[in-house]
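Have a look at my_file_22.json; it's JSON, C-alpha atoms:
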```json
[["chain", "number", "residue", "atom", "x", "y", "z"],
["A", 25, "MET", "CA", 11.30, -1.77, 17.55],
["A", 26, "ASN", "CA", 10.19, -1.49, 13.96],
["A", 27, "LYS", "CA", 12.01, 1.24, 12.00],
["A", 28, "THR", "CA", 9.39, 1.89, 9.34],
["A", 29, "ILE", "CA", 5.96, 0.88, 10.67],
["A", 30, "LYS", "CA", 4.29, 2.24, 13.82],
["A", 31, "SER", "CA", 0.93, 0.50, 13.37],
["A", 32, "PRO", "CA", 0.80, -2.69, 11.28],
["A", 33, "GLY", "CA", -3.00, -2.85, 10.98],
["A", 34, "GLY", "CA", -5.65, -0.56, 9.57],
["A", 35, "LEU", "CA", -4.47, 1.76, 6.81],
["A", 36, "THR", "CA", -1.04, 0.17, 6.61],
["A", 37, "VAL", "CA", -2.58, -3.18, 5.67],
["A", 38, "ARG", "CA", -5.08, -1.55, 3.29],
["A", 39, "LEU", "CA", -2.30, 0.29, 1.48],
["A", 40, "VAL", "CA", -0.12, -2.81, 1.20],
["A", 41, "GLU", "CA", -3.01, -5.00, 0.05],
["A", 42, "ALA", "CA", -4.07, -2.42, -2.54],
["A", 43, "LEU", "CA", -0.53, -2.52, -3.92],
["A", 44, "ASN", "CA", -0.38, -6.33, -3.80],
["A", 45, "GLY", "CA", -3.82, -6.60, -5.41],
["A", 46, "PHE", "CA", -2.81, -4.26, -8.21],
["A", 47, "ARG", "CA", 0.36, -6.24, -8.86],
["A", 48, "THR", "CA", -1.56, -9.52, -8.84],
["A", 49, "LYS", "CA", -4.19, -8.15, -11.24],
["A", 50, "TYR", "CA", -1.93, -6.33, -13.70],
["A", 51, "GLY", "CA", 1.55, -7.85, -13.31],
["A", 52, "TYR", "CA", 3.36, -4.63, -12.43],
["A", 53, "TRP", "CA", 3.47, -2.23, -9.48],
["A", 54, "PRO", "CA", 1.24, 0.85, -9.54],
["A", 55, "SER", "CA", 2.66, 4.35, -9.72],
["A", 56, "CYS", "CA", -0.05, 6.09, -7.70],
["A", 57, "VAL", "CA", -2.40, 5.47, -4.79],
["A", 58, "GLU", "CA", -5.43, 7.68, -4.29],
["A", 59, "MET", "CA", -7.04, 7.97, -0.86],
["A", 60, "GLU", "CA", -8.78, 10.61, 1.18],
["A", 61, "ALA", "CA", -6.61, 13.38, 2.61],
["A", 62, "SER", "CA", -7.17, 12.34, 6.21],
["A", 63, "SER", "CA", -5.98, 8.81, 5.42],
["A", 64, "ILE", "CA", -2.75, 10.14, 3.94],
["A", 65, "GLY", "CA", -2.28, 12.17, 7.12],
["A", 66, "VAL", "CA", -2.86, 9.13, 9.34],
["A", 67, "LEU", "CA", -0.37, 7.10, 7.29],
["A", 68, "ALA", "CA", 2.21, 9.85, 7.69],
["A", 69, "THR", "CA", 1.74, 10.37, 11.42],
["A", 70, "GLY", "CA", 0.17, 7.29, 12.97],
["A", 71, "CYS", "CA", 0.88, 4.28, 10.80],
["A", 72, "LEU", "CA", 4.37, 4.79, 9.44],
["A", 73, "THR", "CA", 7.54, 6.32, 10.82],
["A", 74, "PRO", "CA", 9.00, 9.27, 8.89],
["A", 75, "LEU", "CA", 11.36, 6.80, 7.19],
["A", 76, "GLY", "CA", 8.47, 4.48, 6.31],
["A", 77, "PHE", "CA", 6.41, 7.31, 4.85],
["A", 78, "PHE", "CA", 9.42, 8.49, 2.83],
["A", 79, "LEU", "CA", 9.94, 4.96, 1.46],
["A", 80, "VAL", "CA", 6.30, 4.70, 0.39],
["A", 81, "GLN", "CA", 6.46, 8.09, -1.32],
["A", 82, "SER", "CA", 9.65, 7.09, -3.11],
["A", 83, "LYS", "CA", 7.74, 4.28, -4.88],
["A", 84, "VAL", "CA", 4.19, 5.62, -5.33],
["A", 85, "ASP", "CA", 2.59, 9.03, -5.48],
["A", 86, "LEU", "CA", 0.03, 9.45, -2.70],
["A", 87, "VAL", "CA", -2.72, 11.70, -3.99],
["A", 88, "VAL", "CA", -5.98, 12.92, -2.54],
["A", 89, "GLY", "CA", -8.98, 11.05, -3.91],
["A", 90, "ASP", "CA", -12.59, 10.30, -3.03],
["A", 91, "ASP", "CA", -13.64, 9.73, 0.57],
["A", 92, "GLY", "CA", -13.62, 6.10, 1.60],
["A", 93, "LYS", "CA", -11.69, 4.91, -1.46],
["A", 94, "ILE", "CA", -8.23, 3.44, -1.84],
["A", 95, "LEU", "CA", -7.33, 3.17, -5.50],
["A", 96, "ALA", "CA", -4.02, 1.86, -6.78],
["A", 97, "LYS", "CA", -3.42, 3.19, -10.29],
["A", 98, "GLY", "CA", -0.98, 2.47, -13.08],
["A", 99, "ARG", "CA", -0.58, 3.13, -16.75],
["A", 100, "ASN", "CA", -3.29, 2.97, -19.40],
["A", 101, "GLY", "CA", -6.07, 3.48, -16.86],
["A", 102, "ASP", "CA", -5.30, 0.32, -14.85],
["A", 103, "VAL", "CA", -7.00, 0.60, -11.45],
["A", 104, "PHE", "CA", -7.35, -1.68, -8.43],
["A", 105, "ASP", "CA", -10.14, -0.53, -6.10],
["A", 106, "TYR", "CA", -9.40, -1.89, -2.64],
["A", 107, "GLY", "CA", -12.99, -1.29, -1.54],
["A", 108, "ASP", "CA", -14.51, -3.29, -4.41],
["A", 109, "GLU", "CA", -11.78, -5.85, -5.03],
["A", 110, "GLY", "CA", -10.23, -5.93, -1.55],
["A", 111, "TRP", "CA", -8.00, -8.51, -0.04],
["A", 112, "ARG", "CA", -8.87, -11.93, -1.37],
["A", 113, "GLY", "CA", -6.23, -14.08, 0.28],
["A", 114, "GLU", "CA", -2.59, -14.76, -0.30],
["A", 115, "HIS", "CA", -0.76, -12.78, -2.96],
["A", 116, "GLN", "CA", 2.37, -13.87, -4.73],
["A", 117, "HIS", "CA", 3.80, -10.39, -4.27],
["A", 118, "ASP", "CA", 5.13, -8.60, -1.23],
["A", 119, "ALA", "CA", 4.61, -4.85, -1.21],
["A", 120, "TYR", "CA", 6.37, -4.61, 2.17],
["A", 121, "THR", "CA", 9.59, -5.74, 0.48],
["A", 122, "TRP", "CA", 9.02, -3.64, -2.65],
["A", 123, "LEU", "CA", 8.45, -0.53, -0.54],
["A", 124, "GLY", "CA", 11.41, -1.30, 1.73],
["A", 125, "LEU", "CA", 9.22, -1.50, 4.84],
["A", 126, "ASP", "CA", 9.99, -3.78, 7.76],
["A", 127, "ASN", "CA", 7.85, -6.89, 7.69],
["A", 128, "TRP", "CA", 6.05, -6.59, 11.02],
["A", 129, "GLU", "CA", 5.10, -10.29, 10.92],
["A", 130, "ASP", "CA", 8.79, -11.13, 11.41],
["A", 131, "GLU", "CA", 8.80, -9.06, 14.62],
["A", 132, "GLU", "CA", 6.31, -11.28, 16.43]]
```
For this file, write the structure as C-alpha coordinates.
Amino acid sequence: MNKTIKSPGGLTVRLVEALNGFRTKYGYWPSCVEMEASSIGVLATGCLTPLGFFLVQSKVDLVVGDDGKILAKGRNGDVFDYGDEGWRGEHQHDAYTWLGLDNWEDEE
(Lines of atoms letter the chains of each structure in order from A and count residues from 1; the text may use other names and numbers.)
(Lines give C-alpha, C1' and ligand atoms only; values in the text may rest on other atoms or scores of the structure.)
Protein backbone atom coordinates (compact mmCIF):
# COMPACT_ATOMS: atom_id res chain seq x y z
CA MET A 1 0.00 0.00 0.00
CA ASN A 2 1.28 3.41 -0.98
CA LYS A 3 1.56 5.84 1.95
CA THR A 4 1.30 9.10 0.03
CA ILE A 5 -0.56 8.48 -3.24
CA LYS A 6 -4.08 7.05 -3.59
CA SER A 7 -4.42 7.52 -7.35
CA PRO A 8 -1.25 7.71 -9.46
CA GLY A 9 -2.93 8.96 -12.65
CA GLY A 10 -4.97 12.01 -13.55
CA LEU A 11 -4.30 15.08 -11.43
CA THR A 12 -1.39 13.48 -9.60
CA VAL A 13 0.51 13.05 -12.86
CA ARG A 14 -0.48 16.52 -14.09
CA LEU A 15 0.78 18.12 -10.89
CA VAL A 16 4.06 16.19 -10.96
CA GLU A 17 4.64 16.89 -14.65
CA ALA A 18 3.89 20.60 -14.18
CA LEU A 19 6.56 20.67 -11.47
CA ASN A 20 9.02 18.65 -13.56
CA GLY A 21 8.34 20.82 -16.61
CA PHE A 22 8.94 23.99 -14.62
CA ARG A 23 12.21 22.64 -13.25
CA THR A 24 13.33 21.56 -16.73
CA LYS A 25 12.45 24.96 -18.22
CA TYR A 26 13.83 27.23 -15.49
CA GLY A 27 16.38 25.16 -13.54
CA TYR A 28 14.73 25.50 -10.13
CA TRP A 29 11.56 24.23 -8.44
CA PRO A 30 8.46 26.44 -8.45
CA SER A 31 7.04 27.90 -5.26
CA CYS A 32 3.38 27.87 -6.31
CA VAL A 33 0.93 25.85 -8.37
CA GLU A 34 -2.34 27.40 -9.50
CA MET A 35 -5.29 25.18 -10.41
CA GLU A 36 -9.04 25.30 -10.13
CA ALA A 37 -10.52 24.87 -6.66
CA SER A 38 -12.18 21.56 -7.48
CA SER A 39 -8.83 20.13 -8.63
CA ILE A 40 -7.20 21.07 -5.34
CA GLY A 41 -10.07 19.32 -3.56
CA VAL A 42 -9.65 16.17 -5.66
CA LEU A 43 -5.91 16.14 -4.97
CA ALA A 44 -6.58 16.42 -1.24
CA THR A 45 -9.28 13.75 -1.06
CA GLY A 46 -8.97 11.41 -4.03
CA CYS A 47 -5.43 11.51 -5.36
CA LEU A 48 -3.21 11.88 -2.33
CA THR A 49 -3.35 10.60 1.22
CA PRO A 50 -3.41 13.21 4.00
CA LEU A 51 0.36 12.72 4.35
CA GLY A 52 0.87 13.13 0.60
CA PHE A 53 -1.19 16.31 0.48
CA PHE A 54 0.74 17.69 3.47
CA LEU A 55 4.06 16.92 1.73
CA VAL A 56 2.96 18.72 -1.44
CA GLN A 57 1.82 21.76 0.56
CA SER A 58 5.12 21.82 2.43
CA LYS A 59 6.95 22.43 -0.87
CA VAL A 60 4.52 24.48 -3.00
CA ASP A 61 1.59 26.74 -2.31
CA LEU A 62 -1.57 25.40 -3.95
CA VAL A 63 -3.71 28.35 -4.94
CA VAL A 64 -6.99 28.69 -6.77
CA GLY A 65 -6.55 29.76 -10.38
CA ASP A 66 -8.41 29.70 -13.68
CA ASP A 67 -10.62 26.76 -14.62
CA GLY A 68 -8.85 24.12 -16.65
CA LYS A 69 -5.36 25.50 -16.00
CA ILE A 70 -2.43 24.09 -14.08
CA LEU A 71 0.29 26.72 -13.76
CA ALA A 72 3.55 26.18 -11.92
CA LYS A 73 4.98 29.54 -10.90
CA GLY A 74 8.28 30.78 -9.54
CA ARG A 75 10.14 34.01 -9.08
CA ASN A 76 10.35 36.88 -11.55
CA GLY A 77 7.16 35.84 -13.33
CA ASP A 78 8.46 32.41 -14.41
CA VAL A 79 5.48 30.24 -15.39
CA PHE A 80 5.07 26.73 -16.80
CA ASP A 81 1.58 26.19 -18.23
CA TYR A 82 0.87 22.46 -18.19
CA GLY A 83 -1.98 22.88 -20.67
CA ASP A 84 0.15 24.69 -23.26
CA GLU A 85 3.56 23.16 -22.59
CA GLY A 86 2.44 19.82 -21.15
CA TRP A 87 4.39 16.66 -20.74
CA ARG A 88 6.91 16.33 -23.54
CA GLY A 89 8.72 13.15 -22.55
CA GLU A 90 11.36 12.25 -20.03
CA HIS A 91 12.52 14.88 -17.58
CA GLN A 92 15.83 14.91 -15.81
CA HIS A 93 14.06 15.84 -12.59
CA ASP A 94 11.86 13.84 -10.26
CA ALA A 95 9.17 15.82 -8.49
CA TYR A 96 8.00 12.66 -6.69
CA THR A 97 11.34 12.57 -4.86
CA TRP A 98 11.46 16.33 -4.31
CA LEU A 99 7.97 16.30 -2.81
CA GLY A 100 8.70 13.20 -0.71
CA LEU A 101 5.95 11.17 -2.39
CA ASP A 102 6.16 7.43 -2.89
CA ASN A 103 7.11 6.57 -6.45
CA TRP A 104 4.11 4.50 -7.51
CA GLU A 105 6.07 3.03 -10.45
CA ASP A 106 8.23 1.15 -7.92
CA GLU A 107 5.08 -0.46 -6.48
CA GLU A 108 4.22 -2.34 -9.67
Gap from CA of Lys97 in chain A to CA of Ala61 in chain A - Å, one decimal: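 Atom-to-atom, CA of Lys97 in chain A to CA of Ala61 in chain A, that is 16.7 Å.
Here the question is which of A:Val103, A:Ala119, A:Met59, A:Ala68 gets nearest to Glu41 in chain A using all atoms listed in the file, and that residue is A:Ala119.
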So how many Å separate CA of Phe77 in chain A and CA of Thr36 in chain A, to one decimal?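 About the pair CA of Phe77 in chain A and CA of Thr36 in chain A: they are 10.5 Å apart.
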Between CA of Leu75 in chain A and CA of Lys30 in chain A - distance in Å to one decimal: 10.7 Å
Could you check the closest approach to Leu125 in chain A for each of A:Val57, A:Val80, A:Tyr52, A:Glu109 and tell me which residue wins, using all atoms listed in the file?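 Looking at the shortest contact to Leu125 in chain A, the residue is A:Val80.
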Close residues, Arg47 in chain A itself excluded, 10 Å, all atoms listed in the file, min 4 positions apart in chain, as a VMD selection string: chain A and resid 41 to 43 51 to 54 96 98 104 115 to 119
Top pick for closest residue to Gly107 in chain A, considering A:Ser82, A:Leu67, A:Pro32, A:Leu39 and counting all atoms listed in the file: A:Leu39
Pick from A:Tyr106, A:Trp111, A:Tyr120, A:Glu60 nearest to Asp90 in chain A, counting all atoms listed in the file: A:Glu60
Here is a test: counting only C-alpha atoms, which residue of A:Glu58, A:Gly76, A:Arg38, A:Lys49 is nearest to Asn127 in chain A?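 Closest to Asn127 in chain A of all the choices is A:Gly76.
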Nearest to Thr121 in chain A, restricted to only C-alpha atoms and choosing among A:Ser62, A:Val87, A:Leu79, A:Leu35, comes out as A:Leu79
Around all the atoms of range 79-87 of chain A listed in the file, draw an axis-aligned box and extend it by 3 Å on each of the six sides; I want its centre and edge lengths in Å to one decimal, as lines of an AutoDock Vina configuration file.
```
center_x = 3.6
center_y = 8.0
center_z = -2.0
size_x = 18.7
size_y = 13.4
size_z = 12.9
```
At a cut-off of 7 Å, using only C-alpha atoms, what residues contact Asp126 in chain A? Leave out same-chain residues fewer than 5 positions from it and give the result as a PyMOL selection string. chain A and resi 26-29+120
